[in-house]
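The next block is entry08.csv, given as CSV, C-alpha atoms.
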chain,number,residue,atom,x,y,z
K,227,MET,CA,25.3,-8.8,-6.8
K,228,ILE,CA,24.4,-8.9,-3.2
K,229,LEU,CA,25.1,-11.8,-0.9
K,230,GLY,CA,23.2,-12.5,2.3
K,231,ASN,CA,20.7,-14.8,3.8
K,232,ARG,CA,17.6,-12.8,2.9
K,233,ILE,CA,17.7,-10.0,0.4
K,234,ARG,CA,14.7,-7.8,0.4
K,235,VAL,CA,13.5,-6.2,-2.8
K,236,GLY,CA,11.6,-2.9,-2.4
K,237,MET,CA,8.9,-1.4,-4.6
K,238,ALA,CA,10.2,-0.4,-8.0
K,239,ASP,CA,13.5,-2.0,-7.3
K,240,ALA,CA,15.5,-5.1,-8.3
K,241,ARG,CA,18.1,-7.4,-6.7
K,242,VAL,CA,20.3,-10.2,-8.0
K,243,SER,CA,21.9,-12.9,-5.9
K,244,VAL,CA,23.1,-16.5,-5.9
K,245,ALA,CA,22.6,-19.7,-3.8
K,246,PRO,CA,22.2,-20.1,-0.9
K,247,SER,CA,20.5,-16.6,-0.7
K,248,ILE,CA,16.8,-16.1,-0.5
K,249,ILE,CA,15.4,-13.1,-2.4
K,250,THR,CA,12.1,-11.8,-1.0
K,251,THR,CA,9.6,-9.0,-1.4
K,252,LEU,CA,6.9,-8.3,1.3
K,253,GLY,CA,3.2,-7.5,0.9
K,254,LEU,CA,2.8,-7.5,-2.9
K,255,GLY,CA,-0.6,-6.1,-3.7
K,256,SER,CA,-1.4,-5.1,-7.3
K,257,CYS,CA,2.4,-5.0,-8.0
K,258,VAL,CA,4.0,-8.0,-9.6
K,259,GLY,CA,7.2,-9.8,-8.4
K,260,VAL,CA,9.1,-11.2,-11.3
K,261,VAL,CA,11.8,-13.8,-10.6
K,262,LEU,CA,14.3,-14.6,-13.4
K,263,TYR,CA,16.7,-17.5,-12.6
K,264,ASP,CA,19.4,-19.7,-14.1
K,265,GLU,CA,19.2,-23.3,-12.8
K,266,GLN,CA,22.8,-24.0,-13.7
K,267,SER,CA,24.6,-21.2,-12.0
K,268,LYS,CA,21.9,-20.7,-9.3
K,269,ILE,CA,22.0,-17.0,-10.0
K,270,ALA,CA,18.6,-15.3,-9.7
K,271,GLY,CA,17.1,-11.8,-9.7
K,272,MET,CA,13.8,-10.4,-8.6
K,273,VAL,CA,12.1,-7.1,-9.7
K,274,HIS,CA,9.1,-5.6,-8.0
K,275,ILE,CA,7.1,-3.7,-10.7
K,276,MET,CA,4.2,-1.3,-10.1
K,277,LEU,CA,2.9,-0.3,-13.5
K,278,PRO,CA,2.7,-1.9,-16.9
K,279,TYR,CA,4.3,0.3,-19.5
K,280,SER,CA,6.9,3.1,-19.1
K,281,ASN,CA,5.7,5.0,-22.2
K,282,GLU,CA,2.3,5.5,-20.6
K,283,ILE,CA,3.7,7.5,-17.7
K,284,ALA,CA,5.4,10.9,-17.7
K,285,GLU,CA,7.5,10.1,-14.6
K,286,ASN,CA,9.5,7.2,-15.9
K,287,SER,CA,13.0,7.8,-14.7
K,288,ASN,CA,13.1,4.7,-12.6
K,289,GLY,CA,12.8,1.8,-15.1
K,290,TYR,CA,12.3,-0.8,-12.3
K,291,LYS,CA,8.8,0.7,-11.8
K,292,PHE,CA,7.5,-0.7,-15.0
K,293,ALA,CA,6.9,-4.2,-16.4
K,294,ASP,CA,8.5,-3.6,-19.8
K,295,THR,CA,11.6,-1.8,-18.7
K,296,GLY,CA,11.9,-3.5,-15.3
K,297,VAL,CA,12.1,-7.0,-16.7
K,298,LYS,CA,14.6,-6.0,-19.4
K,299,MET,CA,16.8,-4.2,-16.9
K,300,LEU,CA,16.8,-7.3,-14.7
K,301,THR,CA,18.1,-9.4,-17.6
K,302,ASP,CA,20.9,-6.7,-17.9
K,303,LEU,CA,21.8,-7.1,-14.3
K,304,LEU,CA,21.9,-10.9,-14.7
K,305,PHE,CA,23.9,-10.6,-17.9
K,306,LYS,CA,26.5,-8.6,-15.9
K,307,GLU,CA,26.8,-11.6,-13.6
K,308,GLY,CA,27.5,-13.8,-16.6
K,309,VAL,CA,24.0,-15.2,-17.1
K,310,SER,CA,22.8,-15.3,-20.7
K,311,VAL,CA,19.1,-14.5,-21.4
K,312,LYS,CA,18.9,-17.9,-23.2
K,313,ASN,CA,19.3,-19.7,-19.8
K,314,LEU,CA,16.8,-17.7,-17.9
K,315,LYS,CA,13.4,-19.0,-16.7
K,316,ALA,CA,10.7,-17.0,-15.0
K,317,LYS,CA,8.3,-17.3,-12.1
K,318,ILE,CA,5.8,-14.5,-11.2
K,319,ALA,CA,3.4,-13.6,-8.4
K,320,GLY,CA,1.1,-10.7,-7.5
K,321,GLY,CA,-1.1,-8.5,-9.6
K,322,ALA,CA,-4.1,-8.7,-7.2
K,323,GLN,CA,-7.0,-6.4,-7.1
K,324,MET,CA,-7.0,-5.4,-3.5
K,325,PHE,CA,-10.4,-3.7,-3.3
K,326,LYS,CA,-13.6,-4.7,-5.0
K,327,PHE,CA,-13.9,-1.4,-6.8
K,328,ASN,CA,-17.2,-0.9,-8.7
K,329,SER,CA,-15.5,1.5,-11.0
K,330,ASN,CA,-14.4,0.3,-14.5
K,331,SER,CA,-11.6,2.7,-14.7
K,332,ASP,CA,-8.2,1.3,-15.8
K,333,SER,CA,-6.4,2.3,-12.6
K,334,MET,CA,-8.6,-0.1,-10.6
K,335,LYS,CA,-7.6,-3.0,-12.8
K,336,ILE,CA,-3.9,-2.3,-12.6
K,337,GLY,CA,-3.1,-5.7,-11.2
K,338,ASN,CA,-4.3,-7.5,-14.4
K,339,ARG,CA,-2.6,-5.0,-16.6
K,340,ASN,CA,0.6,-5.5,-14.8
K,341,ILE,CA,0.4,-9.3,-15.2
K,342,GLU,CA,-0.3,-9.0,-18.9
K,343,ALA,CA,2.6,-6.6,-19.5
K,344,VAL,CA,5.0,-8.8,-17.6
K,345,LYS,CA,3.9,-11.8,-19.7
K,346,LEU,CA,4.2,-9.9,-22.9
K,347,THR,CA,7.7,-8.7,-22.0
K,348,LEU,CA,8.8,-12.2,-21.1
K,349,GLU,CA,7.5,-13.5,-24.5
K,350,GLU,CA,9.4,-10.8,-26.3
K,351,LEU,CA,12.6,-11.8,-24.5
K,352,GLU,CA,11.8,-15.5,-25.1
K,353,ILE,CA,12.0,-16.3,-21.4
K,354,PRO,CA,9.8,-19.2,-20.5
K,355,LEU,CA,7.3,-18.6,-17.7
K,356,VAL,CA,7.5,-21.7,-15.6
K,357,SER,CA,4.8,-20.9,-13.0
K,358,GLU,CA,2.7,-18.1,-11.6
K,359,ASP,CA,0.4,-17.2,-8.7
K,360,THR,CA,-1.3,-14.1,-9.9
K,361,GLY,CA,-4.6,-12.1,-9.7
K,362,LYS,CA,-7.3,-12.7,-7.1
K,363,ASP,CA,-7.9,-10.2,-4.4
K,364,TYR,CA,-5.3,-10.7,-1.7
K,365,GLY,CA,-1.7,-9.6,-0.9
K,366,ARG,CA,1.3,-11.9,-1.1
K,367,THR,CA,4.8,-12.1,0.4
K,368,ILE,CA,7.1,-14.1,-1.9
K,369,GLU,CA,10.5,-15.7,-1.2
K,370,PHE,CA,12.7,-17.2,-3.9
K,371,ASP,CA,15.2,-19.8,-2.9
K,372,CYS,CA,18.2,-19.5,-5.3
K,373,GLU,CA,19.4,-23.0,-4.4
K,374,THR,CA,16.1,-24.9,-5.2
K,375,CYS,CA,14.7,-22.3,-7.6
K,376,LYS,CA,11.4,-22.6,-5.8
K,377,LEU,CA,9.1,-19.6,-5.1
K,378,LEU,CA,7.3,-19.6,-1.7
K,379,ILE,CA,4.1,-17.6,-1.6
K,380,LYS,CA,2.5,-16.6,1.7
K,381,ALA,CA,-0.9,-14.9,2.1
K,382,VAL,CA,-3.1,-14.0,5.0
K,383,GLY,CA,-5.3,-16.9,6.1
K,384,LYS,CA,-4.0,-19.2,3.5
K,385,GLU,CA,-1.6,-22.2,3.5
K,386,PRO,CA,1.8,-21.3,2.1
K,387,LYS,CA,2.2,-22.3,-1.5
K,388,ILE,CA,5.3,-23.3,-3.5
K,389,ILE,CA,5.4,-22.8,-7.2
P,197,MET,CA,5.4,29.4,-2.0
P,198,GLU,CA,8.6,30.9,-0.6
P,199,LYS,CA,6.5,32.4,2.1
P,200,PHE,CA,7.1,29.4,4.4
P,201,SER,CA,10.1,27.5,5.7
P,202,LYS,CA,10.2,23.7,5.4
P,203,GLU,CA,9.4,23.4,9.1
P,204,GLU,CA,6.4,25.6,8.6
P,205,TYR,CA,5.1,23.4,5.7
P,206,ILE,CA,5.4,20.4,7.9
P,207,ASP,CA,3.6,22.2,10.8
P,208,ILE,CA,0.8,23.2,8.4
P,209,LEU,CA,0.3,19.6,7.3
P,210,LYS,CA,0.4,18.3,10.9
P,211,GLU,CA,-2.3,20.7,11.8
P,212,ILE,CA,-4.5,19.1,9.1
P,213,GLY,CA,-3.8,15.7,10.7
P,214,ASN,CA,-4.6,17.0,14.1
P,215,ILE,CA,-7.9,18.6,13.1
P,216,GLY,CA,-9.0,15.7,10.9
P,217,ALA,CA,-8.0,12.9,13.3
P,218,GLY,CA,-9.3,14.9,16.3
P,219,ASN,CA,-12.7,15.1,14.9
P,220,ALA,CA,-12.7,11.5,13.7
P,221,THR,CA,-11.6,10.1,17.0
P,222,THR,CA,-14.4,12.1,18.7
P,223,ALA,CA,-16.9,10.4,16.4
P,224,LEU,CA,-15.2,7.1,17.3
P,225,SER,CA,-15.3,7.7,21.0
P,226,PHE,CA,-19.0,8.4,20.9
P,227,MET,CA,-19.5,5.1,19.0
P,228,ILE,CA,-17.7,2.9,21.5
P,229,ASP,CA,-18.1,5.1,24.6
P,230,SER,CA,-14.4,5.2,25.5
P,231,ARG,CA,-11.7,7.8,25.8
P,232,ILE,CA,-9.3,7.9,22.9
P,233,ASP,CA,-5.8,9.3,23.0
P,234,LEU,CA,-4.5,10.8,19.8
P,235,SER,CA,-0.7,11.0,19.3
P,236,VAL,CA,1.0,14.0,17.7
P,237,PRO,CA,0.4,13.6,14.0
P,238,LYS,CA,3.3,13.0,11.6
P,239,ALA,CA,3.6,14.7,8.3
P,240,GLU,CA,6.4,13.9,5.9
P,241,VAL,CA,7.4,13.5,2.3
P,242,ILE,CA,8.3,9.9,2.0
P,243,ASP,CA,9.6,7.4,-0.5
P,244,PHE,CA,7.1,4.7,-1.6
P,245,ASN,CA,9.2,2.0,0.0
P,246,LYS,CA,8.8,3.7,3.3
P,247,LEU,CA,5.1,4.1,2.8
P,248,MET,CA,4.8,0.3,3.0
P,249,ASP,CA,6.3,0.3,6.5
P,250,ILE,CA,4.4,3.1,8.2
P,251,THR,CA,2.0,0.9,10.1
P,252,GLY,CA,4.6,-1.4,11.6
P,253,GLY,CA,5.8,-3.5,8.6
P,254,ALA,CA,4.6,-4.5,5.2
P,255,GLU,CA,3.5,-7.9,6.4
P,256,GLN,CA,1.4,-6.6,9.4
P,257,VAL,CA,-2.2,-7.8,8.9
P,258,VAL,CA,-4.6,-4.9,9.2
P,259,ALA,CA,-8.2,-4.1,8.5
P,260,GLY,CA,-8.2,-1.2,6.0
P,261,ILE,CA,-10.8,1.2,4.7
P,262,TYR,CA,-9.8,3.0,1.5
P,263,ILE,CA,-11.5,6.1,0.2
P,264,ASP,CA,-10.8,8.1,-2.9
P,265,ILE,CA,-11.3,11.8,-2.5
P,266,SER,CA,-12.0,14.3,-5.2
P,267,ARG,CA,-13.1,17.8,-6.1
P,268,ASP,CA,-11.1,20.6,-4.4
P,269,ILE,CA,-8.7,18.1,-2.8
P,270,GLU,CA,-7.8,15.0,-4.6
P,271,GLY,CA,-6.0,12.0,-3.1
P,272,VAL,CA,-6.5,9.0,-0.9
P,273,MET,CA,-7.7,8.5,2.6
P,274,LEU,CA,-7.0,5.3,4.6
P,275,PHE,CA,-8.2,4.2,7.9
P,276,MET,CA,-6.2,1.2,9.2
P,277,VAL,CA,-6.6,-0.7,12.4
P,278,SER,CA,-5.2,-4.0,13.7
P,279,CYS,CA,-7.6,-7.0,13.4
P,280,GLU,CA,-8.0,-7.0,17.3
P,281,THR,CA,-9.1,-3.3,17.1
P,282,ALA,CA,-11.5,-4.1,14.2
P,283,ARG,CA,-13.0,-6.9,16.3
P,284,ILE,CA,-13.5,-4.6,19.3
P,285,LEU,CA,-15.1,-1.9,17.2
P,286,VAL,CA,-17.4,-4.3,15.5
P,287,ASP,CA,-18.4,-6.0,18.8
P,288,SER,CA,-19.1,-2.7,20.4
P,289,VAL,CA,-21.4,-1.3,17.7
P,290,MET,CA,-23.1,-4.7,17.2
P,291,HIS,CA,-23.5,-5.3,20.9
P,292,ASN,CA,-21.8,-8.7,20.6
P,293,ASP,CA,-20.7,-10.3,23.8
P,294,PRO,CA,-16.9,-9.7,23.7
P,295,LYS,CA,-16.1,-12.9,25.6
P,296,ASP,CA,-17.4,-15.0,22.8
P,297,GLN,CA,-15.4,-13.1,20.2
P,298,VAL,CA,-12.2,-12.0,21.8
P,299,THR,CA,-9.8,-14.2,19.8
P,300,ASN,CA,-12.0,-14.4,16.7
P,301,PHE,CA,-10.6,-12.4,13.9
P,302,MET,CA,-12.7,-13.9,11.2
P,303,PHE,CA,-15.6,-11.6,10.4
P,304,ASN,CA,-18.9,-12.6,8.9
P,305,GLU,CA,-20.5,-10.6,6.1
P,306,ILE,CA,-22.6,-8.4,8.4
P,307,GLU,CA,-19.6,-7.7,10.6
P,308,LEU,CA,-17.5,-6.7,7.6
P,309,SER,CA,-20.3,-4.4,6.5
P,310,ALA,CA,-20.5,-2.9,10.0
P,311,PHE,CA,-16.7,-2.3,10.0
P,312,THR,CA,-17.0,-0.6,6.6
P,313,GLU,CA,-19.7,1.6,7.9
P,314,ILE,CA,-17.6,2.5,11.0
P,315,GLY,CA,-14.8,3.4,8.7
P,316,ASN,CA,-17.1,5.4,6.6
P,317,ILE,CA,-18.3,7.5,9.5
P,318,ILE,CA,-14.9,8.0,10.9
P,319,THR,CA,-13.2,9.0,7.7
P,320,GLY,CA,-16.2,11.2,6.9
P,321,ALA,CA,-15.7,13.0,10.2
P,322,TYR,CA,-12.0,13.5,9.3
P,323,LEU,CA,-12.7,14.8,5.9
P,324,SER,CA,-15.6,17.1,6.8
P,325,SER,CA,-13.6,18.8,9.5
P,326,ILE,CA,-10.7,19.7,7.1
P,327,SER,CA,-13.2,20.6,4.4
P,328,SER,CA,-14.9,23.2,6.6
P,329,LEU,CA,-11.6,24.4,8.0
P,330,LEU,CA,-10.2,25.0,4.5
P,331,GLY,CA,-13.5,26.0,2.8
P,332,PHE,CA,-12.9,23.2,0.3
P,333,THR,CA,-15.4,20.8,-1.1
P,334,ILE,CA,-14.1,17.2,-0.6
P,335,ILE,CA,-16.1,14.4,-2.1
P,336,PRO,CA,-15.3,10.9,-0.7
P,337,SER,CA,-15.9,7.8,-2.8
P,338,VAL,CA,-17.8,4.8,-1.3
P,339,PRO,CA,-15.6,3.1,1.2
P,340,TYR,CA,-13.7,0.0,0.1
P,341,MET,CA,-12.6,-2.5,2.8
P,342,THR,CA,-10.2,-5.4,3.1
P,343,ILE,CA,-8.3,-7.3,5.7
P,344,ASP,CA,-4.8,-8.0,4.4
P,345,MET,CA,-1.1,-7.2,4.7
P,346,ALA,CA,-0.5,-3.5,5.2
P,347,GLY,CA,2.0,-3.4,2.3
P,348,ALA,CA,-0.5,-4.9,-0.1
P,349,ILE,CA,-3.1,-2.4,1.0
P,350,LEU,CA,-0.7,0.5,0.7
P,351,SER,CA,0.4,-0.6,-2.7
P,352,VAL,CA,-2.9,0.7,-4.1
P,353,PRO,CA,-2.3,4.4,-3.3
P,354,ALA,CA,1.5,3.9,-4.0
P,355,ILE,CA,0.8,2.7,-7.5
P,356,GLU,CA,-1.6,5.6,-8.1
P,357,PHE,CA,0.9,8.2,-7.0
P,358,SER,CA,3.9,6.5,-8.5
P,359,LYS,CA,2.5,7.7,-11.9
P,360,LYS,CA,3.6,11.2,-11.0
P,361,SER,CA,6.5,10.9,-8.7
P,362,ASP,CA,8.5,8.6,-6.5
P,363,THR,CA,7.4,10.2,-3.2
P,364,ALA,CA,4.2,10.8,-1.4
P,365,ILE,CA,3.1,13.4,1.1
P,366,LEU,CA,1.9,11.6,4.0
P,367,ILE,CA,-0.2,12.9,6.9
P,368,GLU,CA,-0.4,10.2,9.6
P,369,SER,CA,-2.2,10.2,12.9
P,370,GLU,CA,-2.1,7.3,15.4
P,371,PHE,CA,-4.6,6.7,18.1
P,372,LYS,CA,-4.7,4.6,21.2
P,373,ILE,CA,-7.6,3.5,23.4
P,374,ASN,CA,-5.7,2.4,26.5
P,375,ASN,CA,-8.3,0.6,28.4
P,376,LYS,CA,-9.2,-1.5,25.4
P,377,LYS,CA,-5.7,-2.0,23.9
P,378,MET,CA,-6.8,-0.6,20.6
P,379,ASP,CA,-4.9,1.4,18.1
P,380,GLY,CA,-5.1,2.6,14.5
P,381,TYR,CA,-4.0,5.0,11.8
P,382,PHE,CA,-5.5,7.7,9.7
P,383,VAL,CA,-3.5,8.3,6.6
P,384,LEU,CA,-4.2,11.1,4.2
P,385,ILE,CA,-2.2,11.2,0.9
P,386,PRO,CA,-3.1,14.3,-1.2
P,387,THR,CA,-1.9,14.6,-4.7
P,388,GLU,CA,0.9,17.1,-5.2
P,389,GLU,CA,-1.5,19.8,-6.6
P,390,SER,CA,-3.8,19.4,-3.7
P,391,TYR,CA,-0.9,19.6,-1.3
P,392,TYR,CA,0.0,23.0,-2.6
P,393,LYS,CA,-3.7,24.1,-2.4
P,394,ILE,CA,-3.8,23.0,1.3
P,395,ILE,CA,-0.5,24.7,2.1
P,396,GLU,CA,-1.6,27.9,0.5
P,397,LYS,CA,-5.0,28.0,2.2
P,398,LEU,CA,-4.0,26.8,5.6
P,399,GLY,CA,-0.7,28.8,5.5
P,400,VAL,CA,-2.7,31.9,5.0
P,401,LEU,CA,-5.0,31.0,7.9
P,402,MET,CA,-2.1,30.3,10.2
P,403,LYS,CA,0.0,33.3,9.2
P,404,PRO,CA,-2.3,36.3,9.3
Show me this structure written as structure tokens.
Amino acid sequence: MILGNRIRVGMADARVSVAPSIITTLGLGSCVGVVLYDEQSKIAGMVHIMLPYSNEIAENSNGYKFADTGVKMLTDLLFKEGVSVKNLKAKIAGGAQMFKFNSNSDSMKIGNRNIEAVKLTLEELEIPLVSEDTGKDYGRTIEFDCETCKLLIKAVGKEPKII
Amino acid sequence: MEKFSKEEYIDILKEIGNIGAGNATTALSFMIDSRIDLSVPKAEVIDFNKLMDITGGAEQVVAGIYIDISRDIEGVMLFMVSCETARILVDSVMHNDPKDQVTNFMFNEIELSAFTEIGNIITGAYLSSISSLLGFTIIPSVPYMTIDMAGAILSVPAIEFSKKSDTAILIESEFKINNKKMDGYFVLIPTEESYYKIIEKLGVLMKP
């Protein structure tokens, strides 16, 4: 666990902390930021995933890169801090389509596929998804307050939103 | 591939940045009728997390043009400028009165389309110069444009390349137009295969 005021999560990475910390990831595009938190202990973790499924990709040594392995590995990190999966809840954001590609190829719709894969993994782990701000065509910076369990979402030219 | 030292590889890639961006800024300077200073290009193999920060932070709002390249060289080309720079570029090609627009970073549809076309011409100049230098055919896609956080824009190529490795080869050139306080970036990210093709071809040209 890392303690500090603001803990930044990079791409294909995860961090776990506890109140009063804020866990943040900047400039989420088609990637998805997944927050898992326990309201009782106020311990929370965030993973920044880039791709849906680890078995689709040859280079899969970093599990945090993928929705399926990333979310599971985050529950492991939280378990090490004494948080049981039963007590976890989830909030997610991101998965935008940054450019209006005309192409129908899968790689262009990666945002949607990331969101679907995260949701499916949460279902498998029986972690309830409390709220989300996903899809659309713009980038997001997200900040999770471990104390209040609120997720702040900032986007260019838009009012900040709390989910 | 052992023909070159690591420094020589980097020099070869920098030369690509120099030639491409040099040609592109010449096209740009004709368009806006101003002198443009090009900084020494950077070439490096970087981690995806650092890719997000190359243009002064993941949250920096930029106007970005994104082009997929294919055929002999595959990868991604990005042209990114600050919103202020995008505004000056658009005003100068559309003959807007700059006094009316100077703090206005909201672009209407025609202006967005004009900026996309500027990006198309500039990146076209970049790519055609390296294409003729290397004797490679490079086919650019139609340009895609957005105004958003640099990190969110850069996540698009980052995701694409993360399928193969955790690092990207980045060729970055920065330009400045001093009398107009404009600046911007050209970013070329070739796939690993294309990187070796470039090294091989340009390496031979540089080392007779």
What are the closest atom pairs, with distances in Å to one decimal, for each residue of chain K lying within 9 Å of chain P, using only C-alpha atoms, rows by chain and rising residue number, as a tab-separated table?
residue	atom	partner	partner_atom	distance
K:Gly236	CA	P:Asn245	CA	6.0
K:Met237	CA	P:Asn245	CA	5.7
K:Ala238	CA	P:Asn245	CA	8.4
K:Leu252	CA	P:Ala254	CA	5.9
K:Gly253	CA	P:Gly347	CA	4.5
K:Leu254	CA	P:Ala348	CA	5.0
K:Gly255	CA	P:Ala348	CA	3.8
K:Ser256	CA	P:Ser351	CA	6.7
K:Cys257	CA	P:Ser351	CA	7.2
K:Met276	CA	P:Ile355	CA	5.9
K:Leu277	CA	P:Ile355	CA	7.0
K:Glu282	CA	P:Lys359	CA	9.0
K:Ile283	CA	P:Lys359	CA	5.9
K:Ala284	CA	P:Lys360	CA	6.9
K:Glu285	CA	P:Lys360	CA	5.4
K:Asn286	CA	P:Lys359	CA	8.1
K:Asn288	CA	P:Asp362	CA	8.6
K:Lys291	CA	P:Ser358	CA	8.3
K:Ala322	CA	P:Ala348	CA	8.8
K:Gln323	CA	P:Val352	CA	8.7
K:Met324	CA	P:Ile349	CA	6.7
K:Phe325	CA	P:Tyr340	CA	6.0
K:Lys326	CA	P:Tyr340	CA	6.9
K:Phe327	CA	P:Tyr340	CA	7.0
K:Ser333	CA	P:Glu356	CA	7.4
K:Met334	CA	P:Val352	CA	8.7
K:Ile336	CA	P:Ile355	CA	8.5
K:Tyr364	CA	P:Asp344	CA	6.7
K:Gly365	CA	P:Ala348	CA	4.9
K:Arg366	CA	P:Ala348	CA	7.3
K:Thr367	CA	P:Glu255	CA	7.4
K:Ala381	CA	P:Met345	CA	8.1
K:Val382	CA	P:Asp344	CA	6.3
Would you save the residues from that selection as a PDB file, in the frame of the given file, using C-alpha atoms?
ATOM      1  CA  GLY K 236      11.600  -2.900  -2.400  1.00  0.00           C
ATOM      2  CA  MET K 237       8.900  -1.400  -4.600  1.00  0.00           C
ATOM      3  CA  ALA K 238      10.200  -0.400  -8.000  1.00  0.00           C
ATOM      4  CA  LEU K 252       6.900  -8.300   1.300  1.00  0.00           C
ATOM      5  CA  GLY K 253       3.200  -7.500   0.900  1.00  0.00           C
ATOM      6  CA  LEU K 254       2.800  -7.500  -2.900  1.00  0.00           C
ATOM      7  CA  GLY K 255      -0.600  -6.100  -3.700  1.00  0.00           C
ATOM      8  CA  SER K 256      -1.400  -5.100  -7.300  1.00  0.00           C
ATOM      9  CA  CYS K 257       2.400  -5.000  -8.000  1.00  0.00           C
ATOM     10  CA  MET K 276       4.200  -1.300 -10.100  1.00  0.00           C
ATOM     11  CA  LEU K 277       2.900  -0.300 -13.500  1.00  0.00           C
ATOM     12  CA  GLU K 282       2.300   5.500 -20.600  1.00  0.00           C
ATOM     13  CA  ILE K 283       3.700   7.500 -17.700  1.00  0.00           C
ATOM     14  CA  ALA K 284       5.400  10.900 -17.700  1.00  0.00           C
ATOM     15  CA  GLU K 285       7.500  10.100 -14.600  1.00  0.00           C
ATOM     16  CA  ASN K 286       9.500   7.200 -15.900  1.00  0.00           C
ATOM     17  CA  ASN K 288      13.100   4.700 -12.600  1.00  0.00           C
ATOM     18  CA  LYS K 291       8.800   0.700 -11.800  1.00  0.00           C
ATOM     19  CA  ALA K 322      -4.100  -8.700  -7.200  1.00  0.00           C
ATOM     20  CA  GLN K 323      -7.000  -6.400  -7.100  1.00  0.00           C
ATOM     21  CA  MET K 324      -7.000  -5.400  -3.500  1.00  0.00           C
ATOM     22  CA  PHE K 325     -10.400  -3.700  -3.300  1.00  0.00           C
ATOM     23  CA  LYS K 326     -13.600  -4.700  -5.000  1.00  0.00           C
ATOM     24  CA  PHE K 327     -13.900  -1.400  -6.800  1.00  0.00           C
ATOM     25  CA  SER K 333      -6.400   2.300 -12.600  1.00  0.00           C
ATOM     26  CA  MET K 334      -8.600  -0.100 -10.600  1.00  0.00           C
ATOM     27  CA  ILE K 336      -3.900  -2.300 -12.600  1.00  0.00           C
ATOM     28  CA  TYR K 364      -5.300 -10.700  -1.700  1.00  0.00           C
ATOM     29  CA  GLY K 365      -1.700  -9.600  -0.900  1.00  0.00           C
ATOM     30  CA  ARG K 366       1.300 -11.900  -1.100  1.00  0.00           C
ATOM     31  CA  THR K 367       4.800 -12.100   0.400  1.00  0.00           C
ATOM     32  CA  ALA K 381      -0.900 -14.900   2.100  1.00  0.00           C
ATOM     33  CA  VAL K 382      -3.100 -14.000   5.000  1.00  0.00           C
TER      34      VAL K 382
END
| message | Measuring between all atoms listed in the file, which one of P:Leu209, P:Ile265, P:Ala239, P:Ala321 shows the shortest distance to Leu398 in chain P? | response |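 Ranked by minimum distance to Leu398 in chain P, first place goes to P:Leu209.
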Let me make sure I understand: among K:Leu378, K:Leu348, K:Ala319, K:Val242, which one has the smallest atom-to-atom distance to Lys362 in chain K if we use only C-alpha atoms?
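Closest to Lys362 in chain K of all the choices is K:Ala319.
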Give me, as a PyMOL selection string, all polymer residues having an atom no more than 10 Å from Ser357 in chain K, counting all atoms listed in the file and skipping those fewer than 5 positions away in the same chain. chain K and resi 315-319+376-377+388-389
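In this model, the gap between CA of Thr301 in chain K and CA of Thr347 in chain K comes to 11.3 Å.
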Between CA of Tyr322 in chain P and CA of Val289 in chain P, what distance in Å does the model show, to one decimal?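 It comes out at 19.4 Å.
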Checklist entry - Between P:Met378, P:Ala364, P:Leu308, P:Ile395, which one has atoms that come closest to Arg231 in chain P, using all atoms listed in the file? => result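 Smallest separation from Arg231 in chain P among the options: P:Met378.
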request  = Measuring atom to atom with only C-alpha atoms, identify which of K:Gln266, K:Ser247, K:Asn338, K:Asn281 is nearest to Lys312 in chain K.
outcome  =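 So, comparing all the options, the nearest one is K:Gln266.
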| said: Please report the interatomic distance between CA of Gly289 in chain K and CA of Glu373 in chain K in Å with one decimal. | reply: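 A separation of 27.8 Å between them.
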